[in-house]
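Colleague: I'm passing along final.cif; it holds mmCIF, C-alpha atoms.
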```cif
data_coords
#
loop_
_atom_site.label_atom_id
_atom_site.label_comp_id
_atom_site.auth_asym_id
_atom_site.auth_seq_id
_atom_site.Cartn_x
_atom_site.Cartn_y
_atom_site.Cartn_z
CA MET A 111 54.52 89.08 210.62
CA PRO A 112 51.43 90.11 212.63
CA ALA A 113 52.46 92.41 215.46
CA ALA A 114 50.86 90.09 218.00
CA THR A 115 53.33 87.22 217.55
CA ILE A 116 56.20 88.86 219.41
CA GLY A 117 55.44 90.59 222.70
CA PRO A 118 56.34 94.27 223.23
CA GLU A 119 59.23 93.66 225.68
CA LEU A 120 60.82 91.11 223.36
CA GLN A 121 60.23 93.29 220.29
CA ARG A 122 61.87 96.27 221.97
CA LEU A 123 64.90 94.15 222.85
CA ILE A 124 65.14 92.85 219.25
CA ASP A 125 64.85 96.38 217.81
CA LEU A 126 67.68 97.65 220.03
CA LEU A 127 69.91 94.64 219.33
CA ALA A 128 69.37 95.17 215.59
CA LYS A 129 70.94 98.64 215.88
CA MET A 130 74.32 97.18 216.84
CA PRO A 131 76.93 96.94 214.10
CA GLY A 132 77.24 93.34 212.93
CA LEU A 133 73.65 92.43 213.84
CA GLY A 134 70.78 92.79 211.37
CA PRO A 135 67.05 92.31 212.07
CA ARG A 136 67.24 88.54 211.70
CA SER A 137 70.42 87.96 213.70
CA ALA A 138 69.01 90.26 216.41
CA LYS A 139 66.14 87.78 216.81
CA ARG A 140 68.58 84.92 217.02
CA ALA A 141 70.61 86.86 219.61
CA ALA A 142 67.46 87.62 221.66
CA LEU A 143 66.49 83.93 221.76
CA TYR A 144 70.05 83.01 222.72
CA LEU A 145 70.03 85.58 225.54
CA LEU A 146 66.66 84.36 226.86
CA LYS A 147 68.13 80.87 227.10
CA LYS A 148 71.16 82.21 228.99
CA ARG A 149 69.46 84.65 231.37
CA ASP A 150 71.72 84.21 234.36
CA PRO A 151 75.08 83.47 232.69
CA VAL A 152 74.86 86.15 229.96
CA MET A 153 71.68 88.25 229.72
CA ARG A 154 71.55 89.81 233.22
CA PRO A 155 75.36 90.29 233.43
CA LEU A 156 75.24 91.97 230.02
CA ALA A 157 72.49 94.35 231.17
CA TYR A 158 74.62 95.19 234.21
CA ALA A 159 77.85 95.58 232.19
CA LEU A 160 76.14 97.90 229.70
CA ASP A 161 74.80 100.07 232.47
CA GLU A 162 78.10 100.13 234.34
CA ALA A 163 80.17 100.91 231.25
CA ALA A 164 77.70 103.64 230.20
CA ASN A 165 78.18 105.30 233.59
CA LYS A 166 81.88 104.70 234.26
CA VAL A 167 83.75 104.70 230.95
CA LYS A 168 84.78 108.23 230.03
CA ALA A 169 87.16 109.88 227.60
CA CYS A 170 90.65 110.40 229.06
CA SER A 171 91.18 114.14 229.61
CA VAL A 172 94.75 113.85 228.31
CA CYS A 173 94.52 111.68 225.19
CA GLY A 174 90.82 110.98 224.51
CA ASN A 175 91.11 107.19 224.99
CA TRP A 176 88.14 105.53 226.73
CA ASP A 177 88.72 104.17 230.21
CA SER A 178 87.12 104.09 233.65
CA VAL A 179 90.10 105.95 235.15
CA ASP A 180 91.31 109.42 234.18
CA PRO A 181 94.08 109.75 233.03
CA CYS A 182 93.60 106.44 231.21
CA ALA A 183 95.78 103.39 231.88
CA VAL A 184 97.85 104.06 228.75
CA CYS A 185 98.64 107.67 229.74
CA ALA A 186 99.38 106.58 233.33
CA ASP A 187 101.78 103.82 232.25
CA SER A 188 105.24 105.20 233.07
CA ASP A 189 106.93 102.33 231.18
CA ARG A 190 105.73 103.82 227.91
CA ASP A 191 107.91 106.16 225.88
CA GLN A 192 106.70 109.62 226.91
CA THR A 193 108.40 111.33 223.97
CA VAL A 194 106.49 109.73 221.08
CA LEU A 195 102.80 110.42 220.49
CA CYS A 196 100.72 108.39 218.04
CA VAL A 197 97.66 110.21 216.66
CA VAL A 198 94.67 108.03 215.76
CA GLN A 199 91.16 108.71 214.54
CA ASP A 200 89.34 106.50 217.00
CA VAL A 201 89.79 104.23 220.02
CA ALA A 202 89.39 101.23 217.70
CA ASP A 203 92.60 102.29 215.90
CA LEU A 204 94.42 102.60 219.23
CA TRP A 205 93.36 99.03 220.03
CA ALA A 206 94.48 97.84 216.60
CA LEU A 207 97.97 99.36 217.06
CA GLU A 208 98.19 97.86 220.57
CA ARG A 209 97.15 94.46 219.23
CA ALA A 210 99.96 94.70 216.68
CA GLY A 211 102.39 95.88 219.38
CA ALA A 212 103.29 98.56 216.84
CA HIS A 213 103.67 101.54 219.18
CA LYS A 214 105.39 101.78 222.58
CA GLY A 215 104.63 105.44 223.26
CA ARG A 216 101.41 107.25 224.13
CA TYR A 217 98.41 108.15 222.02
CA HIS A 218 96.11 110.97 221.09
CA VAL A 219 92.60 110.06 219.95
CA LEU A 220 91.04 112.68 217.66
CA GLY A 221 87.51 111.30 217.78
CA GLY A 222 87.10 111.59 214.01
CA LEU A 223 88.63 113.25 210.96
CA LEU A 224 88.20 116.71 209.46
CA SER A 225 85.53 116.48 206.81
CA PRO A 226 84.36 119.73 205.23
CA LEU A 227 81.73 117.83 203.25
CA ASP A 228 80.17 116.37 206.43
CA GLY A 229 80.55 119.68 208.26
CA ILE A 230 83.17 118.36 210.69
CA GLY A 231 85.60 121.16 211.51
CA PRO A 232 88.58 121.54 213.92
CA ASP A 233 86.32 122.42 216.85
CA ASP A 234 84.46 119.11 216.58
CA LEU A 235 87.61 117.09 217.19
CA ASN A 236 90.34 116.70 219.84
CA LEU A 237 92.76 118.81 217.74
CA GLY A 238 93.42 121.77 220.01
CA SER A 239 94.57 119.58 222.88
CA LEU A 240 96.95 117.74 220.55
CA ILE A 241 98.53 120.97 219.32
CA ALA A 242 98.82 122.10 222.95
CA ARG A 243 100.52 118.79 223.87
CA GLY A 244 102.97 119.31 221.00
CA LYS A 245 103.85 122.82 222.16
CA GLU A 246 104.10 121.83 225.85
CA GLY A 247 107.53 120.29 225.33
CA GLY A 248 108.79 116.81 226.24
CA ILE A 249 107.53 115.32 222.99
CA SER A 250 110.02 114.67 220.21
CA GLU A 251 107.86 112.92 217.60
CA ILE A 252 104.21 112.84 216.63
CA VAL A 253 103.20 109.91 214.39
CA LEU A 254 100.04 110.53 212.38
CA ALA A 255 98.45 107.06 212.12
CA LEU A 256 95.45 108.24 210.12
CA ALA A 257 93.46 106.61 207.33
CA ALA A 258 94.84 106.99 203.81
CA THR A 259 91.66 108.75 202.68
CA VAL A 260 90.87 112.30 201.64
CA ASP A 261 89.63 113.15 205.15
CA GLY A 262 92.71 111.52 206.69
CA GLN A 263 94.99 113.60 204.48
CA THR A 264 93.06 116.79 205.17
CA THR A 265 93.45 116.19 208.91
CA ALA A 266 97.15 115.33 208.51
CA HIS A 267 97.79 118.55 206.57
CA TYR A 268 95.98 120.64 209.17
CA LEU A 269 98.00 119.07 212.00
CA THR A 270 101.32 119.38 210.16
CA ASP A 271 100.62 123.09 209.60
CA HIS A 272 99.70 123.76 213.21
CA LEU A 273 102.49 121.68 214.72
CA GLU A 274 105.25 123.19 212.58
CA SER A 275 105.99 126.03 215.01
CA SER A 276 106.38 123.60 217.93
CA GLY A 277 109.50 122.08 216.34
CA VAL A 278 108.22 118.51 216.97
CA LYS A 279 109.04 115.99 214.23
CA VAL A 280 105.78 114.93 212.54
CA THR A 281 105.78 111.56 210.75
CA ARG A 282 103.15 109.33 209.18
CA LEU A 283 102.67 105.60 208.58
CA SER A 284 104.27 104.28 205.39
CA GLN A 285 102.07 103.22 202.51
CA GLY A 286 102.73 100.14 200.43
CA VAL A 287 102.05 96.46 199.84
CA PRO A 288 100.34 94.80 202.87
CA VAL A 289 102.31 91.94 204.43
CA GLY A 290 101.09 88.75 202.72
CA GLY A 291 99.39 90.79 200.00
CA GLU A 292 99.43 89.71 196.37
CA LEU A 293 100.27 92.43 193.84
CA ASP A 294 97.60 91.18 191.48
CA TYR A 295 94.81 92.04 193.93
CA LEU A 296 96.09 95.49 194.96
CA ASP A 297 94.53 98.70 193.74
CA GLU A 298 96.51 101.01 191.45
CA GLY A 299 96.95 103.76 194.05
CA THR A 300 98.63 101.43 196.55
CA LEU A 301 100.86 99.92 193.89
CA ALA A 302 101.92 103.36 192.63
CA ALA A 303 102.64 104.51 196.22
CA ALA A 304 104.65 101.36 196.95
CA MET A 305 106.71 101.83 193.80
CA LYS A 306 107.30 105.52 194.53
CA SER A 307 108.58 104.85 198.05
CA ARG A 308 110.63 101.76 197.11
CA ARG A 309 113.64 101.07 199.27
CA PRO A 310 116.99 99.31 198.78
CA TYR A 311 117.10 95.65 199.87
CA MET B 12 97.44 93.22 223.80
CA PRO B 13 98.64 94.24 227.26
CA ALA B 14 95.82 93.90 229.75
CA ALA B 15 96.19 97.55 230.76
CA THR B 16 94.99 99.02 227.46
CA ILE B 17 91.30 98.25 227.97
CA GLY B 18 89.80 98.99 231.38
CA PRO B 19 88.02 96.22 233.35
CA GLU B 20 84.46 97.59 232.88
CA LEU B 21 84.95 97.88 229.13
CA GLN B 22 86.68 94.48 228.89
CA ARG B 23 83.83 92.82 230.77
CA LEU B 24 81.32 94.37 228.38
CA ILE B 25 83.33 93.23 225.34
CA ASP B 26 83.65 89.68 226.72
CA LEU B 27 79.88 89.43 227.24
CA LEU B 28 79.05 90.92 223.83
CA ALA B 29 81.44 88.43 222.21
CA LYS B 30 79.29 85.55 223.56
CA MET B 31 76.32 86.58 221.44
CA PRO B 32 75.73 84.63 218.24
CA GLY B 33 76.85 86.70 215.25
CA LEU B 34 79.46 88.69 217.21
CA GLY B 35 83.07 87.53 217.51
CA PRO B 36 85.81 89.08 219.68
CA ARG B 37 86.62 91.75 217.12
CA SER B 38 83.05 92.74 216.26
CA ALA B 39 82.26 92.80 220.00
CA LYS B 40 84.87 95.56 220.36
CA ARG B 41 83.35 97.44 217.47
CA ALA B 42 79.90 97.04 219.04
CA ALA B 43 81.17 98.27 222.43
CA LEU B 44 82.64 101.42 220.85
CA TYR B 45 79.42 102.00 218.95
CA LEU B 46 77.38 101.64 222.14
CA LEU B 47 79.63 104.05 224.07
CA LYS B 48 79.02 106.63 221.35
CA LYS B 49 75.24 106.08 221.62
CA ARG B 50 74.84 105.89 225.39
CA ASP B 51 71.45 107.54 225.69
CA PRO B 52 69.78 106.46 222.43
CA VAL B 53 70.92 102.81 222.48
CA MET B 54 73.22 101.68 225.31
CA ARG B 55 71.11 102.51 228.39
CA PRO B 56 67.80 101.51 226.72
CA LEU B 57 69.42 98.21 225.73
CA ALA B 58 70.55 97.57 229.32
CA TYR B 59 66.99 98.27 230.47
CA ALA B 60 65.39 96.14 227.72
CA LEU B 61 67.68 93.20 228.54
CA ASP B 62 66.81 93.40 232.20
CA GLU B 63 63.10 93.79 231.54
CA ALA B 64 62.93 90.95 229.03
CA ALA B 65 64.97 88.70 231.34
CA ASN B 66 62.39 89.28 234.09
CA LYS B 67 59.14 89.41 232.12
CA VAL B 68 59.43 87.10 229.11
CA LYS B 69 58.38 83.58 230.06
CA ALA B 70 57.44 80.38 228.27
CA CYS B 71 53.69 80.14 227.56
CA SER B 72 52.22 77.45 229.80
CA VAL B 73 50.05 76.19 226.92
CA CYS B 74 52.39 76.09 223.91
CA GLY B 75 55.92 76.98 225.11
CA ASN B 76 56.17 80.16 223.00
CA TRP B 77 57.96 83.08 224.67
CA ASP B 78 55.88 86.09 225.63
CA SER B 79 55.34 88.48 228.52
CA VAL B 80 51.73 87.32 228.88
CA ASP B 81 50.53 83.79 229.69
CA PRO B 82 48.88 82.30 227.68
CA CYS B 83 50.91 83.92 224.90
CA ALA B 84 49.39 86.27 222.32
CA VAL B 85 49.27 83.48 219.72
CA CYS B 86 47.37 81.09 222.02
CA ALA B 87 45.03 83.90 223.12
CA ASP B 88 44.21 84.94 219.54
CA SER B 89 40.66 83.67 218.95
CA ASP B 90 40.90 84.46 215.22
CA ARG B 91 43.35 81.60 214.79
CA ASP B 92 42.21 78.14 213.77
CA GLN B 93 41.93 76.29 217.09
CA THR B 94 41.80 72.87 215.43
CA VAL B 95 45.24 72.81 213.79
CA LEU B 96 48.45 72.65 215.86
CA CYS B 97 51.87 73.21 214.33
CA VAL B 98 54.74 71.57 216.25
CA VAL B 99 58.11 73.35 216.05
CA GLN B 100 61.49 72.79 217.63
CA ASP B 101 62.10 76.34 218.76
CA VAL B 102 60.54 79.82 219.00
CA ALA B 103 62.75 80.88 216.06
CA ASP B 104 60.90 78.34 213.87
CA LEU B 105 57.54 79.71 215.04
CA TRP B 106 58.69 83.20 213.99
CA ALA B 107 59.88 81.85 210.63
CA LEU B 108 56.49 80.24 209.93
CA GLU B 109 54.68 83.44 211.01
CA ARG B 110 56.95 85.51 208.78
CA ALA B 111 56.00 83.26 205.87
CA GLY B 112 52.32 83.45 206.84
CA ALA B 113 52.41 79.66 206.43
CA HIS B 114 50.22 78.65 209.37
CA LYS B 115 46.94 80.11 210.60
CA GLY B 116 46.44 77.81 213.58
CA ARG B 117 48.23 77.56 216.91
CA TYR B 118 51.64 76.20 217.80
CA HIS B 119 53.44 73.91 220.16
CA VAL B 120 57.11 74.65 220.86
CA LEU B 121 59.10 71.56 221.90
CA GLY B 122 62.19 73.44 223.07
CA GLY B 123 64.52 71.07 221.22
CA LEU B 124 64.59 67.66 219.55
CA LEU B 125 65.06 64.16 220.94
CA SER B 126 68.73 63.31 220.67
CA PRO B 127 69.90 60.06 222.29
CA LEU B 128 73.50 60.95 221.41
CA ASP B 129 73.31 64.25 223.30
CA GLY B 130 71.34 62.67 226.14
CA ILE B 131 68.15 64.61 225.38
CA GLY B 132 65.16 62.40 226.20
CA PRO B 133 61.36 62.93 226.23
CA ASP B 134 61.43 64.44 229.74
CA ASP B 135 63.76 67.25 228.62
CA LEU B 136 61.25 68.55 226.07
CA ASN B 137 57.69 69.85 225.93
CA LEU B 138 56.43 66.49 224.61
CA GLY B 139 54.06 65.37 227.38
CA SER B 140 52.01 68.55 227.16
CA LEU B 141 51.71 68.14 223.37
CA ILE B 142 50.44 64.57 223.70
CA ALA B 143 48.00 65.78 226.37
CA ARG B 144 46.78 68.55 224.04
CA GLY B 145 46.26 65.96 221.30
CA LYS B 146 44.19 63.74 223.60
CA GLU B 147 42.16 66.62 225.07
CA GLY B 148 39.98 66.83 221.97
CA GLY B 149 39.15 69.82 219.78
CA ILE B 150 42.24 69.36 217.64
CA SER B 151 41.85 67.72 214.26
CA GLU B 152 45.38 67.98 212.85
CA ILE B 153 48.90 68.20 214.22
CA VAL B 154 51.53 69.36 211.68
CA LEU B 155 55.07 68.33 212.57
CA ALA B 156 57.22 71.21 211.24
CA LEU B 157 60.50 69.69 212.39
CA ALA B 158 63.95 69.72 210.83
CA ALA B 159 64.67 67.06 208.19
CA THR B 160 67.52 65.65 210.31
CA VAL B 161 68.02 62.42 212.22
CA ASP B 162 66.95 64.10 215.48
CA GLY B 163 63.94 65.67 213.76
CA GLN B 164 62.85 62.29 212.42
CA THR B 165 63.42 60.58 215.78
CA THR B 166 61.19 63.18 217.43
CA ALA B 167 58.55 62.88 214.69
CA HIS B 168 58.45 59.09 215.08
CA TYR B 169 58.09 59.37 218.86
CA LEU B 170 55.24 61.84 218.51
CA THR B 171 53.46 59.86 215.79
CA ASP B 172 53.59 56.76 218.02
CA HIS B 173 52.24 58.55 221.07
CA LEU B 174 49.55 60.52 219.22
CA GLU B 175 48.18 57.51 217.34
CA SER B 176 45.68 56.59 220.06
CA SER B 177 44.24 60.12 220.13
CA GLY B 178 42.88 59.75 216.60
CA VAL B 179 44.29 63.17 215.57
CA LYS B 180 45.62 63.35 212.01
CA VAL B 181 49.42 63.84 212.15
CA THR B 182 51.07 65.41 209.09
CA ARG B 183 54.53 66.76 208.27
CA LEU B 184 55.97 69.42 205.96
CA SER B 185 56.65 68.26 202.41
CA GLN B 186 60.21 67.80 201.24
CA GLY B 187 61.40 68.88 197.82
CA VAL B 188 63.00 71.53 195.68
CA PRO B 189 63.11 74.96 197.44
CA VAL B 190 61.24 77.75 195.62
CA GLY B 191 63.80 79.48 193.40
CA GLY B 192 66.26 76.61 193.89
CA GLU B 193 68.39 75.29 191.04
CA LEU B 194 68.51 71.50 190.69
CA ASP B 195 72.24 71.60 189.98
CA TYR B 196 73.02 72.91 193.46
CA LEU B 197 70.71 70.57 195.40
CA ASP B 198 71.99 67.63 197.42
CA GLU B 199 71.14 64.09 196.31
CA GLY B 200 68.82 63.39 199.27
CA THR B 201 66.58 66.36 198.49
CA LEU B 202 66.48 65.54 194.77
CA ALA B 203 65.58 61.89 195.49
CA ALA B 204 62.85 63.00 197.93
CA ALA B 205 61.46 65.51 195.42
CA MET B 206 61.35 62.85 192.69
CA LYS B 207 59.73 60.31 195.00
CA SER B 208 56.93 62.67 196.00
CA ARG B 209 56.40 64.15 192.50
CA ARG B 210 52.90 65.38 191.77
CA PRO B 211 50.78 65.81 188.63
CA TYR B 212 50.84 69.31 187.06
#
```
Let me see the file written as structure tokens.
Modeller:
Amino acid sequence: MPAATIGPELQRLIDLLAKMPGLGPRSAKRAALYLLKKRDPVMRPLAYALDEAANKVKACSVCGNWDSVDPCAVCADSDRDQTVLCVVQDVADLWALERAGAHKGRYHVLGGLLSPLDGIGPDDLNLGSLIARGKEGGISEIVLALAATVDGQTTAHYLTDHLESSGVKVTRLSQGVPVGGELDYLDEGTLAAAMKSRRPY
Amino acid sequence: MPAATIGPELQRLIDLLAKMPGLGPRSAKRAALYLLKKRDPVMRPLAYALDEAANKVKACSVCGNWDSVDPCAVCADSDRDQTVLCVVQDVADLWALERAGAHKGRYHVLGGLLSPLDGIGPDDLNLGSLIARGKEGGISEIVLALAATVDGQTTAHYLTDHLESSGVKVTRLSQGVPVGGELDYLDEGTLAAAMKSRRPY
């Protein structure tokens, strides 16, 4: 397309929208046209919300969750079980566990996984503060809710090693057949793991 | 999910992102997390670009295209054929035709199609200015590049009627088999139209 067809302001908006996950170059154009049609109900409020969130949302100094208050609302919630910590890679995983109602305690967000290949070491993640929380006392169990990948296992091993001396029980999510999953479509690794950790009815 | 897990600033951002076409509630959360990780390279520039485009991008007073200058860059381009006008429903269609390099003249953007069922009449669209452009002189052909739907045909009929007296030749895009399309997968209407307008090799 000749550069002249789309003006510079509009082109800049499209280029930035196209960087968002879930939007490609073509859907970014569609989104830009949609926004221009909804300037007051969506476009200007979105500009304001982006700016406000960029300035106000910060990582919780206790657990690493993102919130506009510190400590975050999850850490400050006294109704939550203070003795069980759930360790997740990212805020998205915290939200997923909350959506499932799977955890009633508090969290610790690592901000990534150890990955020697990508050059991500212990100092790049929220690991030290987790080990400190474990040694502080008051916590009886730390659940490692990490991805079942090589990096997830590396991180889990590192944490298990460093938390051993604190005497806190370290657990991990079970592996097996997903609820509603058909055996036929499962990969061999999952099937083997499910068979290995089979349980009595 | 309990309301407390996601702070109000972040929730407001997610709700607004979820209104964009191509993003649902879950991908809006993913996008919000991505943006928070890229505050300076993407998030703040996006807030600024949204605000700037909302204030500067306006409909061209000649053709209805969106640009930050008026007349728009397409109308102002003297290298374009001034005698052929291509009529499109929306700016997205103008971009599609430009991407294809299918039209070397100027455009007229209607801003929608006549739709008696949805209560969209001639006064809701850019129709009067198109008819005026046709009668002004200097234009030899008006190509109706409108959707092959009931509303598209209604609009085409209305325009053909009102442009008749101006003596301008009114044409429309051909219908037929898409390039690379397999006959087996085409609907009956398209196949019948392609057969009806068959041409010698």
Colleague: Using the chain letters and numbers from the file, which residues does the PyMOL selection byres ((chain B and resi 32) around 9) grab, as number ranges by chain?
Modeller: A: 137-138, 140-141, 144; B: 29-31, 33-35
Colleague: How many Å lie between atom CA of A:Val184 and atom CA of A:Ser250, rounded to one decimal?
Modeller: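 Atom CA of A:Val184 sits 18.3 Å away from atom CA of A:Ser250.
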Colleague: As an mmCIF file with C-alpha atoms, keeping the file's coordinate frame, please: the residues near B:Arg50 (cut-off 9 Å, only C-alpha atoms, same-chain neighbours under 6 positions excluded).
Modeller:
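What landed in selection.cif:
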```cif
data_model
loop_
_atom_site.group_PDB
_atom_site.id
_atom_site.type_symbol
_atom_site.label_atom_id
_atom_site.label_comp_id
_atom_site.auth_asym_id
_atom_site.auth_seq_id
_atom_site.Cartn_x
_atom_site.Cartn_y
_atom_site.Cartn_z
ATOM 1 C CA ALA A 164 77.700 103.640 230.200
ATOM 2 C CA ASN A 165 78.180 105.300 233.590
ATOM 3 C CA PRO B 56 67.800 101.510 226.720
#
```
Colleague: Taking all atoms listed in the file into account and nothing else, which residues of chain B lie no more than 7 Å away from chain A? Please answer as a ChimeraX atom specification.
Modeller: /B:12,15-18,20-21,23-24,27,31-34,38,42,47,50,53-55,57-62,64-65,78-79,84-85,109-110
Colleague: Since we have the selection now, will you write its residues out, keeping C-alpha atoms, as a JSON list (two decimals), in the coordinates of the input?
Modeller:
```json
[["chain", "number", "residue", "atom", "x", "y", "z"],
["B", 12, "MET", "CA", 97.44, 93.22, 223.80],
["B", 15, "ALA", "CA", 96.19, 97.55, 230.76],
["B", 16, "THR", "CA", 94.99, 99.02, 227.46],
["B", 17, "ILE", "CA", 91.30, 98.25, 227.97],
["B", 18, "GLY", "CA", 89.80, 98.99, 231.38],
["B", 20, "GLU", "CA", 84.46, 97.59, 232.88],
["B", 21, "LEU", "CA", 84.95, 97.88, 229.13],
["B", 23, "ARG", "CA", 83.83, 92.82, 230.77],
["B", 24, "LEU", "CA", 81.32, 94.37, 228.38],
["B", 27, "LEU", "CA", 79.88, 89.43, 227.24],
["B", 31, "MET", "CA", 76.32, 86.58, 221.44],
["B", 32, "PRO", "CA", 75.73, 84.63, 218.24],
["B", 33, "GLY", "CA", 76.85, 86.70, 215.25],
["B", 34, "LEU", "CA", 79.46, 88.69, 217.21],
["B", 38, "SER", "CA", 83.05, 92.74, 216.26],
["B", 42, "ALA", "CA", 79.90, 97.04, 219.04],
["B", 47, "LEU", "CA", 79.63, 104.05, 224.07],
["B", 50, "ARG", "CA", 74.84, 105.89, 225.39],
["B", 53, "VAL", "CA", 70.92, 102.81, 222.48],
["B", 54, "MET", "CA", 73.22, 101.68, 225.31],
["B", 55, "ARG", "CA", 71.11, 102.51, 228.39],
["B", 57, "LEU", "CA", 69.42, 98.21, 225.73],
["B", 58, "ALA", "CA", 70.55, 97.57, 229.32],
["B", 59, "TYR", "CA", 66.99, 98.27, 230.47],
["B", 60, "ALA", "CA", 65.39, 96.14, 227.72],
["B", 61, "LEU", "CA", 67.68, 93.20, 228.54],
["B", 62, "ASP", "CA", 66.81, 93.40, 232.20],
["B", 64, "ALA", "CA", 62.93, 90.95, 229.03],
["B", 65, "ALA", "CA", 64.97, 88.70, 231.34],
["B", 78, "ASP", "CA", 55.88, 86.09, 225.63],
["B", 79, "SER", "CA", 55.34, 88.48, 228.52],
["B", 84, "ALA", "CA", 49.39, 86.27, 222.32],
["B", 85, "VAL", "CA", 49.27, 83.48, 219.72],
["B", 109, "GLU", "CA", 54.68, 83.44, 211.01],
["B", 110, "ARG", "CA", 56.95, 85.51, 208.78]]
```
Colleague: Could you state the separation of atom CA of B:Asp134 and atom CA of B:His173 in Å, given to one decimal place?
Modeller: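 Taking atom CA of B:Asp134 and atom CA of B:His173, their separation equals 13.9 Å.
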Colleague: For A:Arg308, please output as a CSV table (one decimal) with C-alpha atoms, in the coordinates of the input all residues within 9 Å (counting all atoms listed in the file; exclusion window: fewer than 4 positions along the same chain).
Modeller:
```csv
chain,number,residue,atom,x,y,z
A,286,GLY,CA,102.7,100.1,200.4
A,303,ALA,CA,102.6,104.5,196.2
A,304,ALA,CA,104.6,101.4,197.0
```
Colleague: What is the distance, in Å and to one decimal place, between atom CA of B:Ser177 and atom CA of B:Gly148?
Modeller: 8.2 Å
Colleague: Can you tell me which residues surround B:Ile142 at a distance of at most 10 Å, considering only C-alpha atoms, apart from same-chain residues fewer than 5 positions away, and format the answer as an MDAnalysis selection string?
Modeller: chainID B and resid 137 147 170:171 173:177
Colleague: Just want the 9 Å neighbourhood of B:Cys97, counted on all atoms listed in the file, with same-chain residues fewer than 3 positions away dropped. Output as a VMD selection string.
Modeller: chain B and resid 105 114 116 to 120 152 to 156
Colleague: Would you list the contacts of B:Asp135 as a PyMOL selection string, taking every protein, DNA or RNA residue within 9 Å and counting all atoms listed in the file, but skipping same-chain residues closer than 6 positions in sequence?
Modeller: chain B and resi 122-123+125
Colleague: Residues as selected, C-alpha atoms, written as a PDB file, in the coordinates of the input, can you do that?
Modeller:
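File written: again_33.pdb
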```pdb
ATOM      1  CA  GLY B 122      62.190  73.440 223.070  1.00  0.00           C
ATOM      2  CA  GLY B 123      64.520  71.070 221.220  1.00  0.00           C
ATOM      3  CA  LEU B 125      65.060  64.160 220.940  1.00  0.00           C
TER       4      LEU B 125
END
```
Colleague: Missing atoms in stretch 114-128 of chain A: fill them in up to N, CA and C atoms and send the result as an mmCIF file, in the frame of the given file.
Modeller:
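Result written to out_14.cif:
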```cif
data_model
loop_
_atom_site.group_PDB
_atom_site.id
_atom_site.type_symbol
_atom_site.label_atom_id
_atom_site.label_comp_id
_atom_site.auth_asym_id
_atom_site.auth_seq_id
_atom_site.Cartn_x
_atom_site.Cartn_y
_atom_site.Cartn_z
ATOM 1 N N ALA A 114 51.205 90.785 216.758
ATOM 2 C CA ALA A 114 50.860 90.090 218.000
ATOM 3 C C ALA A 114 51.807 88.935 218.311
ATOM 4 N N THR A 115 52.548 88.439 217.316
ATOM 5 C CA THR A 115 53.330 87.220 217.550
ATOM 6 C C THR A 115 54.455 87.418 218.539
ATOM 7 N N ILE A 116 55.102 88.590 218.497
ATOM 8 C CA ILE A 116 56.200 88.860 219.410
ATOM 9 C C ILE A 116 55.762 89.937 220.386
ATOM 10 N N GLY A 117 55.887 89.652 221.669
ATOM 11 C CA GLY A 117 55.440 90.590 222.700
ATOM 12 C C GLY A 117 56.240 91.876 222.690
ATOM 13 N N PRO A 118 55.690 92.965 223.299
ATOM 14 C CA PRO A 118 56.340 94.270 223.230
ATOM 15 C C PRO A 118 57.734 94.310 223.870
ATOM 16 N N GLU A 119 57.925 93.644 225.020
ATOM 17 C CA GLU A 119 59.230 93.660 225.680
ATOM 18 C C GLU A 119 60.277 92.999 224.789
ATOM 19 N N LEU A 120 59.895 91.861 224.206
ATOM 20 C CA LEU A 120 60.820 91.110 223.360
ATOM 21 C C LEU A 120 61.116 91.898 222.082
ATOM 22 N N GLN A 121 60.056 92.514 221.511
ATOM 23 C CA GLN A 121 60.230 93.290 220.290
ATOM 24 C C GLN A 121 61.150 94.480 220.518
ATOM 25 N N ARG A 122 61.021 95.124 221.668
ATOM 26 C CA ARG A 122 61.870 96.270 221.970
ATOM 27 C C ARG A 122 63.330 95.829 222.078
ATOM 28 N N LEU A 123 63.536 94.685 222.728
ATOM 29 C CA LEU A 123 64.900 94.150 222.850
ATOM 30 C C LEU A 123 65.483 93.847 221.465
ATOM 31 N N ILE A 124 64.677 93.198 220.601
ATOM 32 C CA ILE A 124 65.140 92.850 219.250
ATOM 33 C C ILE A 124 65.483 94.109 218.461
ATOM 34 N N ASP A 125 64.618 95.132 218.558
ATOM 35 C CA ASP A 125 64.850 96.380 217.810
ATOM 36 C C ASP A 125 66.160 97.036 218.246
ATOM 37 N N LEU A 126 66.454 97.013 219.544
ATOM 38 C CA LEU A 126 67.680 97.650 220.030
ATOM 39 C C LEU A 126 68.908 96.822 219.641
ATOM 40 N N LEU A 127 68.786 95.502 219.731
ATOM 41 C CA LEU A 127 69.910 94.640 219.330
ATOM 42 C C LEU A 127 70.227 94.835 217.851
ATOM 43 N N ALA A 128 69.175 95.041 217.039
ATOM 44 C CA ALA A 128 69.370 95.170 215.590
ATOM 45 C C ALA A 128 70.119 96.445 215.225
#
```
